[in-house]
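Enquirer: Take this structure first; my questions come after.
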Amino acid sequence: MSSDTPDYGFTGSTDGEDGEVLLSVQALKKYFDEGVSLLDRILGGGTNAVRAVDGVSFDVRRGETLGLVGESGCGKSTVGETILRLQEPTAGSVSFEGENLSNRDGLTEFRRNAQILFQDPFSSLDPRMPVGDSIRQPLDIHDWPWDGEGDETERKQQRVEQLMERVGLSADQLDRYPSEFSGGQLQRIGIARALALDPDFIVLDEPTSALDVSVQAQILNLLADLQSEFGLTYLFISHDLGVIRYICDRIVVMYLGEIVETAPAEQLFTDPQHPYTKALLESVPRVDLKERERDIDPLAGDVPSPRNPPSGCRFRTRCPEVIPPADLDIDQAAFRDIMDVRDRVADREIAVEKVRNTVTEEGGQDRPRVADRLYDRLVDNELPPEEREYVREGLQAVAAGDWDRAGEHLRERYESVCETDHPTGQVSCHLVE
Amino acid sequence: MAEPLLRVENLSTRFFTEEGQVNAVEGVSFEVEQGEVFGIVGESGSGKSVTALSLVDLVESPGRVTDGSVWFRKPDLAERIREDDPEAATEAVDGEMVDIRQLDENERRALRGTDFAMIFQDPTSSFNPSITVGTQIAEAVEVQRRAEANPRTLRSRTQGFGLMKFLTTSMVPTVDYVSEESRERAVELLDTVGIPDPAERATEYPYQFSGGMLQRAMIAQALASEPSVLVADEPTTALDVTIQAQILNTMADLQEEYGMTTVLITHNLGVIARMCDQVGVMYAGELVERGTLGDLFERPTHPYTKGLLGSSPSLEDATKRLQPIEGNVPSLLDEEMEDRCYFADRCPKAMEDCLQDPPEFDADGSQHHRAKCYLADHGYESALPEGYFDE
Amino acid sequence: MISDRVKASLKREFYQSRAAQVGLALVVIITLMAVFAPMIAPHDPTTQRVGTGDTAELTDLPPISPVPGHEFVGTREQSIVNETTGEFRNVQVEVPANASHPLGTNERGQDILSRVIYGARVSMLVGILGAALAAIVGVPYGLVAGYFGGRLDDGLMRIGDVMLAFPSLVLAIALIGVFRDSGFHTTDLPDPFVAAAQADAIPNILIPRSGHVATMPEATTFPVTVTLVVALVNWVWFARIARGEALSIRAEEYVTAARGLGASNTTILRQHILPNAITPIIVLATIQVAFIILLEASLSFLGFSGTNLTWGADIQQGRNGLSSGKWWVSTMPGLAIVLAVVGVNLLGDWLRDALDPGIQGESGGV
């Protein structure tokens with residue numbers, strides 16, 4: 001296969017901050033309002049759309065590999081597809097080589113220069129099309145060769161053979177169908193096809209996630225070699241931090257449709273700033289003998305729904321470093337508990353009826369006892385006496401069924417800057433500003 | 001040396017498909033001590049999941065376990081078989097160990113529900129979508145409770161029931177079957193695996209759980225029978241990395257608390273590093289190398305193990321170029337397999353002899369660290385030129 | 001367009017399945033029968049032999065089995081007048097049957113075997129052309145609806161649903177009522193074999209028994225309206241299947257990839273959507289052929305087809321005979337319909353089993 005490639009360590013080819021901007025994404029938004037019924041739209045103004053991407057801005061510099069990392073559902077793949085106009089953006093703009101792509105005129109030209117490689121090699125090639133035809137397809141669509149010299153069919157055939165061999169496969173296999181290849185081989189074919197028109201920019205959407213680790217390394221090395229050979233610029237989308245670290249020069253971390261941190265690779269991995277980035281890096285199990293002793297404090301809870309993301313900082317519902325109000329002296333675990341109680345009050349997600357019934361069964365029925373019981377269920381950590389009393393008062397309102405008053409009561413004392421203000425900057429966190 | 005809790009000998013599983021016979025698992029042998037975590041790592045198609053299924057006797061048609069034994073230490077069962085059927089005992093019992101594969105179907109099923117528990121990669125397909133999570137876990141508790149109350153009878157759902165009761169419970173599942181105590185125990189279990197507000201969550205349906213929560217619920221269900229062996233097949237593969245960290249922490253805590261013996265199947269070397277004491281590396285249906293975590297990570301012997309380690313990108317160090325294993329995983333079709341080292345055609349150190357069937361050798365002179373490779377054998381290695389073995 | 005893999009799968013399924021073999025045999029036999037009808041049919045299917053003299057005896061002959069060395073013998077009911085009392089009495093009399101009417105004759109003295117052979121022409125033609133026409137209309141319609149989706153899809157498929165809401169036979173009869181007086185209700189297709197035999201243009205080797213062939217009907221009456229109508233009634237099925245396929249295929253990554261390359265919608269529909277949707281469409285088409293054969297038989301049974309030389313019309317003709325013991329007149333064309341429909345359906349099952357990608361998966365999920 002590609003064993004003839006020189007054996008050198010892969011290093012990025014940019015010189016850092018001042019590279020020329022090839023692609024610029026400004027305040028990009030993509031909402032999906034499928035599943036929102038007409039009635040919802042009339043009544044609620046369409047607020048329940050899935051905000052897959054919600055105001056994302058970044059630059060990709062010529063020759064670099066920009067990593068876009070995040071967990072499933074954070075919107076990273078949607079960013080890739082929206083940039084290439086496989087999805088129409090809801091708002092925001094993308095410009096390529098300084099030219100805004102929102103008008104459709106430049107789109108054909110752009111599509112010649114920008115390609116995409118998908119995650120699943122088995123579904124990204126047409127099973128009924130010989131792989132040679134798949135590689136030839138971009139040439140046909142864009143009427144290659146543009147200089148018009150020589151016999152068109154023959155030159156296309158040569159080009160396809162040359163591409164196939166460049167990615168480490170034999171040109172004899174061109175008339176075979178995708179089902180006759182392994183995942184790694186198909187991904188090589190996908191790469192050959194992406195290279196056909198000699199593009200400047202390729203979006204790599206989880207290109208190795210479906211592959212085994214030994215084959216993944218083959219593909220990563222091939223991508224690195226091709227980048228230096230053809231001066232390619234990559235947007236590398238992945239959830240695998242090891243892969244991102246290996247191949248990327250700069251990294252953008254996404255959470256729930258927004259960017260939380262942008263930093264050069266080395267800096268991001270050695271000195272992460274955003275609490276989410278820290279937690280993400282900490283969560284990855286290392287291939288290391290000392291891994292068992294390493295103490296991981298994983299993030300609690302799950303990602304909130306992108307239909308109804310939290311106000312302010314979107315990470316605040318899971319953040320281990322939520323900022324308490326300045327006049328409040330309370331440790332983080334206790335404040336976390338209070339914030340969780342507040343979230344549940346806001347979502348009305350407390351089973352008051354059930355608690356009230358058990359209390360009644362036991363012979364009591366007064367509100368304070370219900371509130372006490374709720375408190376025991378909801379708060380795990382020891383709170384300072386003052387705060388305990390205050391939270392309990394809020395829960396009494398819950399016990400009385402007055403959710404709004406309970407929410408208001410708790411907000412008055414515990415409102416955090418993380419929920420009122422949307423953080424901005426390279427590191428999107430109030431702690432860093 | 002004390003006897004291990006689980007001793008797998010020469011286990012082979014075949015699939016009889018239209019394309020031909022597929023040798024999914026080929027002569028796999030390993031031992032797991034009480035309280036240990038044994039990890040099996042391998043790429044897709046290496047037979048690691050089929051090995052897990054073979055252990056708990058869950059291989060489904062067209063697959064069949066064709067050969068080998070699974071010895072399990074269970075003194076009371078061993079004693080009972082000796083009393084009941086001394087003739088069978090000569091074959092199926094060895095000291096305190098019982099060969100599960102030689103037991104009859106009912107005995108095996110009984111073991112599967114109680115002493116062995118399994119958790120799978122995809123929790124959503126392991127739960128019935130129309131029954132609450134709490135009830136489903138309580139059912140597992142109930143099975144165990146009845147089994148304890150009545151150890152010698154078949155531990156099936158019908159036991160302790162009259163025919164009428166059986167009919168009602170089968171027509172209206174959950175009615176009458178699950179006792180209040182079992183429900184309470186189910187809530188406790190949900191609490192143990194770290195589900196917040198377990199009493200409330202127990203009354204919810206699987207679709208109301210996130211993937212991570214459901215995986216916890218599945219672990220709770222597995223714990224219900226207080227199993228001595230837990231077989232976990234890629235338990236965190238479908239999950240995001242932060243959720244994976246939660247689940248792995250929970251599993252490690254439970255491991256400590258219950259002293260459970262675990263067989264953990266994964267393709268992720270990081271998960272292996274985090275969880276396992278002993279590790280087996282599978283390739284093309286064979287266990288090519290096994291040893292302690294230290295043996296494998298610091299002194300890997302089989303070229304495939306080395307390749308696997310060399311091709312994993314590291315979070316700490318991005319400067320070294322990855323060393324991929326060239327080529328692709330071989331076909332497991334019987335007709336295309338010869339008696340040889342199946343890794344030979346991808347192996348950077350393949351020799352003439354590799355085209356014969358290589359036996360397993362002790363590596364580093366340690367009986368615990370073995371590898372199915374001529375290079376593992378010291379006597380053989382000395383015959384090689386100096387430095388042959390180094391990268 | 002058919003890959004080696006599909007060919008291998010078709011072959012494997014064919015060797016394994018007895019039903020597929022029977023189905024293919026039936027369809028091939030019936031098709032050959034239809035194409036070479038003038039050479040195979042022992043008599044002109046339209047010649048009537050009623051009236052006086054010897055020919056009178058040729059009506060209502062029962063089917064018989066030839067016994068070697070003996071004359072073919074059948075029985076027939078005959079009324080006899082008792083000369084003294086003047087009463088009529090029905091008796092069974094033995095009649096010498098003509099060996100060349102193995103399936104008997106009808107009340108007009110027409111040879112039933114010849115009519116069954118000729119009837120296959122109309123049935124198979126209407127079945128295949130009707131299904132093809134329905135596919136030509138329905139497939140692009142459904143592909144467009146499914147590929148573009150949204151309101152266009154809603155609109156197009158509602159129209160289809162309305163079509164489906166009518167019972168197909170009633171709809172067909174109504175449509176025939178509209179068209180039957182137009183000029184193209186039926187058309188006569190000249191029979192090339194007969195023409196060639198009559199013109200003596202082709203040597204006898206190519207048309208055996210050319211003297212015999214030359215006496216056959218010079219043209220087959222082909223029911224145009226019925227063909228159009230069965231297509232009109234059934235195209236919606238093709239539209240629905242095609243739409244469903246397009247809907248799922250357009251979400252495939254290779255379609256997204258093609259769009260990313262800047263491929264036009266027409267290119268995508270032609271290069272990706274249609275080839276990947278073709279398998280279920282082919283399977284549906286075979287099943288539709290069987291369905292249309294039945295529908296055509298029903299229509300001609302009810303007298304709407306415009307030609308009498310069809311299986312359905314023959315069943316109708318012999319219907320009265322069923323109660324008076326002349327069972328063969330209806331049963332023989334009925335059997336032909338059953339064999340044709342079963343054969344085509346078995347063929348459809350074979351194609352479905354062989355082409356279904358769910359069955360021909362990779363090596364067994366290890």
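Numbering starts fresh at 1 for the residues of each chain in the structure tokens, the chains themselves are lettered A, B, ... in the order given, and ligands are numbered from 1 as they appear.
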In region 89-123 of chain A, what's strand (DSSP E) per DSSP? Answer as a list in words?

Expert: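 Matching residues for strand (DSSP E) in region 89-123 of chain A are Ala91, Gly92, Ser93, Val94, Ser95, Phe96, Glu99, Asn100, Ala114, Gln115, Ile116 and Leu117 of chain A.
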
Enquirer: List as a list in words the protein and nucleic acid residues near Glu31 (chain B), meaning an atom at most 8 Å away when only C-alpha atoms are counted, but skip any in the same chain fewer than 6 places from it.

Expert: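 Non-adjacent residues within range: Pro4, Leu5, Leu6, Arg7 and Val8 of chain B.
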
Enquirer: Let me see the file: selected residues, C-alpha atoms, as a CSV table (one decimal), in the first residue's frame.

Expert:
chain,number,residue,atom,x,y,z
B,4,PRO,CA,-8.9,-19.2,38.9
B,5,LEU,CA,-12.6,-18.3,38.9
B,6,LEU,CA,-12.8,-18.8,35.2
B,7,ARG,CA,-10.7,-20.9,32.9
B,8,VAL,CA,-11.3,-20.9,29.2

Enquirer: Identify, on the basis of only C-alpha atoms, every residue whose closest approach to Pro62 (chain C) does not exceed 7 Å; exclude the query and any residue fewer than 3 positions from it along the same chain; express the result as a list of chain:residue names.

Expert: C:Gly74, C:Leu103, C:Gly104, C:Thr105, C:Trp328

Enquirer: Env of region 156-158 of chain A: 9 Å cut, atoms = only C-alpha atoms, seq-sep filter 3 positions within chain, self excluded. Answer as a list in words.

Expert: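 My list of contacting residues is Gly132, Arg136, Leu139, Asp140, Trp144, Pro145, Asp151, Glu152, Thr153, Glu161, Gln162 and Leu163 of chain A.
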
Enquirer: Any chance you can output those residues with C-alpha atoms as a PDB file, in the first residue's frame?

Expert:
ATOM      1  CA  GLY A 132     -13.723   4.382 -11.028  1.00  0.00           C
ATOM      2  CA  ARG A 136     -14.537  10.328 -12.335  1.00  0.00           C
ATOM      3  CA  LEU A 139     -14.386  15.488 -13.459  1.00  0.00           C
ATOM      4  CA  ASP A 140     -17.571  14.983 -15.464  1.00  0.00           C
ATOM      5  CA  TRP A 144     -12.506  18.700 -16.624  1.00  0.00           C
ATOM      6  CA  PRO A 145      -9.951  19.136 -18.271  1.00  0.00           C
ATOM      7  CA  ASP A 151      -8.737  13.429 -25.824  1.00  0.00           C
ATOM      8  CA  GLU A 152     -11.120  14.105 -22.955  1.00  0.00           C
ATOM      9  CA  THR A 153     -12.082  10.506 -22.162  1.00  0.00           C
ATOM     10  CA  GLU A 161      -5.840   5.888 -12.572  1.00  0.00           C
ATOM     11  CA  GLN A 162      -3.243   8.306 -11.304  1.00  0.00           C
ATOM     12  CA  LEU A 163      -5.449   9.301  -8.354  1.00  0.00           C
TER      13      LEU A 163
END

Enquirer: Residues of chain A within 10 Å of chain C, counting only C-alpha atoms, what are they? List them as a PDB file with C-alpha atoms, in the first residue's frame.

Expert:
ATOM      1  CA  GLU A  81     -22.014  20.718   5.757  1.00  0.00           C
ATOM      2  CA  LEU A  84     -20.109  23.566   1.816  1.00  0.00           C
ATOM      3  CA  ARG A  85     -23.738  24.563   1.324  1.00  0.00           C
ATOM      4  CA  LEU A  86     -24.961  21.005   1.646  1.00  0.00           C
ATOM      5  CA  GLN A  87     -27.279  22.647   4.130  1.00  0.00           C
ATOM      6  CA  LEU A 107     -20.856  28.432  -5.715  1.00  0.00           C
ATOM      7  CA  THR A 108     -19.821  26.282  -8.680  1.00  0.00           C
ATOM      8  CA  GLU A 109     -16.317  27.696  -8.532  1.00  0.00           C
ATOM      9  CA  PHE A 110     -16.264  27.118  -4.771  1.00  0.00           C
ATOM     10  CA  ARG A 111     -17.440  23.545  -5.131  1.00  0.00           C
ATOM     11  CA  ARG A 112     -14.544  22.883  -7.431  1.00  0.00           C
ATOM     12  CA  ASN A 113     -12.146  24.178  -4.815  1.00  0.00           C
ATOM     13  CA  ALA A 114     -13.768  22.739  -1.713  1.00  0.00           C
ATOM     14  CA  GLN A 115     -14.419  19.041  -1.202  1.00  0.00           C
ATOM     15  CA  ILE A 116     -15.714  16.841   1.579  1.00  0.00           C
ATOM     16  CA  LEU A 117     -14.782  13.399   2.881  1.00  0.00           C
ATOM     17  CA  PHE A 118     -17.452  11.679   4.927  1.00  0.00           C
ATOM     18  CA  GLN A 119     -17.326   9.449   7.952  1.00  0.00           C
ATOM     19  CA  ASP A 120     -18.895   6.289   6.646  1.00  0.00           C
ATOM     20  CA  PRO A 121     -17.026   4.976   3.619  1.00  0.00           C
ATOM     21  CA  PHE A 122     -19.731   2.382   3.004  1.00  0.00           C
ATOM     22  CA  SER A 123     -22.486   4.928   2.533  1.00  0.00           C
ATOM     23  CA  SER A 124     -20.564   7.764   0.933  1.00  0.00           C
ATOM     24  CA  LEU A 125     -19.906   5.817  -2.273  1.00  0.00           C
ATOM     25  CA  ASP A 126     -22.795   4.741  -4.479  1.00  0.00           C
ATOM     26  CA  PRO A 127     -23.007   0.942  -4.114  1.00  0.00           C
ATOM     27  CA  ARG A 128     -24.210   0.592  -7.715  1.00  0.00           C
ATOM     28  CA  MET A 129     -21.428   2.581  -9.261  1.00  0.00           C
ATOM     29  CA  PRO A 130     -17.976   1.155 -10.027  1.00  0.00           C
ATOM     30  CA  SER A 134     -17.275   7.577  -8.594  1.00  0.00           C
ATOM     31  CA  GLN A 137     -17.820  11.952 -11.340  1.00  0.00           C
ATOM     32  CA  PRO A 138     -16.360  15.305 -10.203  1.00  0.00           C
ATOM     33  CA  LEU A 139     -14.386  15.488 -13.459  1.00  0.00           C
ATOM     34  CA  ASP A 140     -17.571  14.983 -15.464  1.00  0.00           C
ATOM     35  CA  ILE A 141     -19.606  17.465 -13.469  1.00  0.00           C
ATOM     36  CA  HIS A 142     -17.044  20.236 -13.785  1.00  0.00           C
ATOM     37  CA  ARG A 176     -15.001  -2.981  -9.038  1.00  0.00           C
ATOM     38  CA  TYR A 177     -17.951  -2.050  -6.862  1.00  0.00           C
ATOM     39  CA  SER A 179     -18.883  -3.847  -1.745  1.00  0.00           C
ATOM     40  CA  GLU A 180     -15.640  -5.491  -2.858  1.00  0.00           C
ATOM     41  CA  GLY A 190     -13.173   8.743  -1.124  1.00  0.00           C
ATOM     42  CA  ARG A 193     -12.403  11.458  -5.427  1.00  0.00           C
ATOM     43  CA  ALA A 194     -12.003  14.503  -3.205  1.00  0.00           C
ATOM     44  CA  LEU A 197     -10.347  18.467  -9.095  1.00  0.00           C
TER      45      LEU A 197
END

Enquirer: Could you please tell me, as a ChimeraX atom specification, which residues of chain A have an atom within 7 Å of chain B when using only C-alpha atoms?

Expert: /A:1,8-10,71-72,212-215,217-218,241-243,245-246,280,283-289,291-292,298-299,377

Enquirer: Determine which residues of chain B sit within 12 Å of chain C, taking into account only C-alpha atoms, and present them as a ChimeraX atom specification.

Expert: /B:13-25,43-51,53,59-63,284-285,331-334

Enquirer: Can you write out the residues you just picked, keeping N, CA and C atoms, as a short mmCIF file (atom, residue, chain, number, x, y, z; two decimals), in the first residue's frame?

Expert:
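Writing the result to out-v3.cif gives the following:
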data_model
loop_
_atom_site.label_atom_id
_atom_site.label_comp_id
_atom_site.auth_asym_id
_atom_site.auth_seq_id
_atom_site.Cartn_x
_atom_site.Cartn_y
_atom_site.Cartn_z
N THR B 13 -15.53 -21.02 18.11
CA THR B 13 -16.89 -20.77 17.66
C THR B 13 -16.88 -20.58 16.16
N ARG B 14 -17.81 -21.24 15.51
CA ARG B 14 -17.90 -21.17 14.05
C ARG B 14 -19.26 -20.62 13.65
N PHE B 15 -19.27 -19.92 12.53
CA PHE B 15 -20.54 -19.50 11.94
C PHE B 15 -20.72 -20.23 10.63
N PHE B 16 -21.86 -20.83 10.46
CA PHE B 16 -22.10 -21.59 9.23
C PHE B 16 -23.01 -20.78 8.32
N THR B 17 -22.40 -19.95 7.48
CA THR B 17 -23.18 -19.03 6.66
C THR B 17 -23.27 -19.55 5.24
N GLU B 18 -24.03 -18.83 4.44
CA GLU B 18 -24.19 -19.23 3.04
C GLU B 18 -22.87 -19.18 2.29
N GLU B 19 -22.02 -18.20 2.69
CA GLU B 19 -20.73 -18.06 2.00
C GLU B 19 -19.77 -19.16 2.41
N GLY B 20 -20.06 -19.82 3.51
CA GLY B 20 -19.17 -20.88 3.98
C GLY B 20 -18.97 -20.76 5.48
N GLN B 21 -18.06 -21.60 5.98
CA GLN B 21 -17.83 -21.63 7.42
C GLN B 21 -16.90 -20.50 7.82
N VAL B 22 -17.32 -19.72 8.82
CA VAL B 22 -16.50 -18.62 9.30
C VAL B 22 -15.94 -18.97 10.67
N ASN B 23 -14.62 -18.97 10.77
CA ASN B 23 -13.99 -19.32 12.04
C ASN B 23 -13.85 -18.07 12.89
N ALA B 24 -14.91 -17.72 13.61
CA ALA B 24 -14.94 -16.46 14.33
C ALA B 24 -14.04 -16.48 15.56
N VAL B 25 -14.05 -17.60 16.27
CA VAL B 25 -13.18 -17.75 17.43
C VAL B 25 -12.44 -19.07 17.27
N GLU B 43 -9.61 -5.53 16.91
CA GLU B 43 -10.31 -4.68 15.97
C GLU B 43 -11.60 -5.36 15.53
N SER B 44 -12.39 -4.66 14.72
CA SER B 44 -13.65 -5.27 14.31
C SER B 44 -13.34 -6.54 13.50
N GLY B 45 -14.13 -7.57 13.75
CA GLY B 45 -13.91 -8.83 13.05
C GLY B 45 -12.85 -9.70 13.67
N SER B 46 -12.32 -9.29 14.84
CA SER B 46 -11.27 -10.11 15.45
C SER B 46 -11.87 -11.25 16.26
N GLY B 47 -13.19 -11.22 16.48
CA GLY B 47 -13.84 -12.30 17.21
C GLY B 47 -13.97 -12.02 18.70
N LYS B 48 -13.69 -10.79 19.12
CA LYS B 48 -13.74 -10.52 20.56
C LYS B 48 -15.17 -10.56 21.11
N SER B 49 -16.12 -10.00 20.35
CA SER B 49 -17.50 -10.03 20.83
C SER B 49 -18.06 -11.44 20.81
N VAL B 50 -17.70 -12.21 19.79
CA VAL B 50 -18.19 -13.58 19.72
C VAL B 50 -17.62 -14.39 20.89
N THR B 51 -16.39 -14.09 21.27
CA THR B 51 -15.81 -14.75 22.44
C THR B 51 -16.67 -14.47 23.67
N LEU B 53 -19.84 -13.64 23.79
CA LEU B 53 -21.12 -14.35 23.68
C LEU B 53 -20.93 -15.84 23.94
N VAL B 59 -24.38 -17.45 21.79
CA VAL B 59 -24.14 -17.44 20.35
C VAL B 59 -25.38 -17.95 19.64
N GLU B 60 -25.82 -17.19 18.66
CA GLU B 60 -27.05 -17.57 17.98
C GLU B 60 -26.79 -18.12 16.59
N SER B 61 -27.72 -18.91 16.12
CA SER B 61 -27.63 -19.48 14.79
C SER B 61 -27.42 -18.36 13.77
N PRO B 62 -26.59 -18.51 12.75
CA PRO B 62 -25.91 -19.74 12.31
C PRO B 62 -24.61 -20.03 13.05
N GLY B 63 -24.40 -19.40 14.19
CA GLY B 63 -23.15 -19.63 14.92
C GLY B 63 -23.30 -20.75 15.93
N ALA B 284 -7.96 -11.98 14.20
CA ALA B 284 -8.47 -13.02 13.31
C ALA B 284 -8.95 -14.26 14.08
N GLY B 285 -9.66 -14.02 15.18
CA GLY B 285 -10.26 -15.13 15.91
C GLY B 285 -9.36 -15.78 16.93
N SER B 331 -9.66 -12.51 5.77
CA SER B 331 -10.95 -13.19 5.75
C SER B 331 -10.95 -14.32 6.77
N LEU B 332 -12.10 -14.53 7.40
CA LEU B 332 -12.20 -15.61 8.38
C LEU B 332 -12.92 -16.82 7.80
N LEU B 333 -13.13 -16.79 6.49
CA LEU B 333 -13.78 -17.93 5.85
C LEU B 333 -12.86 -19.15 5.94
N ASP B 334 -13.41 -20.26 6.38
CA ASP B 334 -12.61 -21.45 6.60
C ASP B 334 -11.83 -21.84 5.36
#

Enquirer: Show which residues sit within 8 Å of region 257-262 of chain A, as an mmCIF file with C-alpha atoms, in the first residue's frame. Count only C-alpha atoms, and ignore same-chain residues fewer than 6 positions away.

Expert:
data_model
loop_
_atom_site.group_PDB
_atom_site.id
_atom_site.type_symbol
_atom_site.label_atom_id
_atom_site.label_comp_id
_atom_site.auth_asym_id
_atom_site.auth_seq_id
_atom_site.Cartn_x
_atom_site.Cartn_y
_atom_site.Cartn_z
ATOM 1 C CA ARG A 51 -30.397 25.044 17.173
ATOM 2 C CA ALA A 52 -27.742 22.770 15.760
ATOM 3 C CA VAL A 53 -25.331 25.618 15.074
ATOM 4 C CA ASP A 54 -25.927 28.898 16.845
ATOM 5 C CA GLY A 55 -23.630 31.741 15.924
ATOM 6 C CA VAL A 56 -20.292 30.181 15.088
ATOM 7 C CA SER A 57 -17.348 32.242 13.775
ATOM 8 C CA CYS A 74 -22.661 19.661 19.338
ATOM 9 C CA GLY A 75 -23.199 20.701 15.727
ATOM 10 C CA LYS A 76 -19.700 20.146 14.380
ATOM 11 C CA ARG A 250 -5.367 24.785 15.560
ATOM 12 C CA ILE A 251 -8.451 23.529 17.296
ATOM 13 C CA LEU A 268 -5.111 23.599 23.908
ATOM 14 C CA GLN A 273 -8.742 27.291 29.494
ATOM 15 C CA HIS A 274 -12.447 26.554 29.250
ATOM 16 C CA TYR A 276 -15.508 22.154 29.211
ATOM 17 C CA THR A 277 -12.246 21.695 27.336
ATOM 18 C CA PRO A 306 -30.539 21.948 21.610
ATOM 19 C CA GLN A 426 -11.378 33.151 22.203
ATOM 20 C CA VAL A 427 -12.247 31.275 25.343
ATOM 21 C CA SER A 428 -15.933 31.606 25.859
ATOM 22 C CA CYS A 429 -16.016 31.653 29.673
#

Enquirer: What lies within 12 Å of Ser298 (chain C) using only C-alpha atoms, ignoring chain neighbours under 3 positions off, as a list of chain:residue names?

Expert: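 The neighbour list is C:Ser123, C:Ser168, C:Leu169, C:Val170, C:Ala172, C:Ile173, C:Val226, C:Val230, C:Phe291, C:Ile292, C:Ile293, C:Leu294, C:Leu295, C:Phe301, C:Leu302, C:Gly303, C:Phe304, C:Ser305, C:Thr310, C:Trp311, C:Gly312, C:Ala313, C:Asp314, C:Ile315, C:Gln316, C:Gly334, C:Ile337.
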
Enquirer: Write the residues of the preceding selection, restricted to C-alpha atoms, as a PDB file, in the first residue's frame.

Expert:
ATOM      1  CA  SER C 123     -52.842 -11.684 -21.572  1.00  0.00           C
ATOM      2  CA  SER C 168     -59.342  -0.584  -9.477  1.00  0.00           C
ATOM      3  CA  LEU C 169     -61.910  -2.680 -11.366  1.00  0.00           C
ATOM      4  CA  VAL C 170     -64.610  -0.036 -11.044  1.00  0.00           C
ATOM      5  CA  ALA C 172     -61.096   0.620 -15.051  1.00  0.00           C
ATOM      6  CA  ILE C 173     -64.677   0.038 -16.189  1.00  0.00           C
ATOM      7  CA  VAL C 226     -57.600  -1.915 -21.701  1.00  0.00           C
ATOM      8  CA  VAL C 230     -54.703  -0.974 -16.480  1.00  0.00           C
ATOM      9  CA  PHE C 291     -51.942  -8.449 -11.192  1.00  0.00           C
ATOM     10  CA  ILE C 292     -52.637  -6.908 -14.585  1.00  0.00           C
ATOM     11  CA  ILE C 293     -53.129 -10.335 -16.189  1.00  0.00           C
ATOM     12  CA  LEU C 294     -55.839 -10.920 -13.616  1.00  0.00           C
ATOM     13  CA  LEU C 295     -57.335  -7.482 -14.118  1.00  0.00           C
ATOM     14  CA  PHE C 301     -64.849 -11.651 -18.501  1.00  0.00           C
ATOM     15  CA  LEU C 302     -67.153  -8.684 -18.053  1.00  0.00           C
ATOM     16  CA  GLY C 303     -66.991  -8.035 -21.775  1.00  0.00           C
ATOM     17  CA  PHE C 304     -65.022  -4.797 -21.738  1.00  0.00           C
ATOM     18  CA  SER C 305     -61.900  -5.761 -23.570  1.00  0.00           C
ATOM     19  CA  THR C 310     -58.842 -13.861 -24.451  1.00  0.00           C
ATOM     20  CA  TRP C 311     -58.917 -16.150 -21.457  1.00  0.00           C
ATOM     21  CA  GLY C 312     -61.401 -13.974 -19.584  1.00  0.00           C
ATOM     22  CA  ALA C 313     -63.852 -13.896 -22.475  1.00  0.00           C
ATOM     23  CA  ASP C 314     -63.602 -17.669 -22.859  1.00  0.00           C
ATOM     24  CA  ILE C 315     -64.412 -18.202 -19.208  1.00  0.00           C
ATOM     25  CA  GLN C 316     -67.434 -15.996 -19.645  1.00  0.00           C
ATOM     26  CA  GLY C 334     -59.137 -20.527 -16.055  1.00  0.00           C
ATOM     27  CA  ILE C 337     -54.759 -17.805 -15.941  1.00  0.00           C
TER      28      ILE C 337
END

Enquirer: Could you tell me how far CA of Ser248 (chain C) lies from CA of Ser238 (chain A), in Å and to one decimal?

Expert: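 About the pair CA of Ser248 (chain C) and CA of Ser238 (chain A): they are 25.6 Å apart.
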
Enquirer: Quick one: everything within 10 Å of Asp188 (chain C), counting only C-alpha atoms, minus sequence neighbours fewer than 4 positions away in the same chain. Send it as JSON, numbers by chain.

Expert: {"C": [218, 219, 220, 221, 222, 223, 224]}

Enquirer: Keeping only C-alpha atoms, write the selected residues as a PDB file, in the first residue's frame.

Expert:
ATOM      1  CA  GLU C 218     -53.891 -12.938 -40.017  1.00  0.00           C
ATOM      2  CA  ALA C 219     -54.031 -10.533 -37.123  1.00  0.00           C
ATOM      3  CA  THR C 220     -54.426 -10.484 -33.359  1.00  0.00           C
ATOM      4  CA  THR C 221     -56.842  -8.010 -31.892  1.00  0.00           C
ATOM      5  CA  PHE C 222     -54.987  -6.030 -29.256  1.00  0.00           C
ATOM      6  CA  PRO C 223     -57.086  -4.124 -26.692  1.00  0.00           C
ATOM      7  CA  VAL C 224     -55.432  -0.704 -26.574  1.00  0.00           C
TER       8      VAL C 224
END
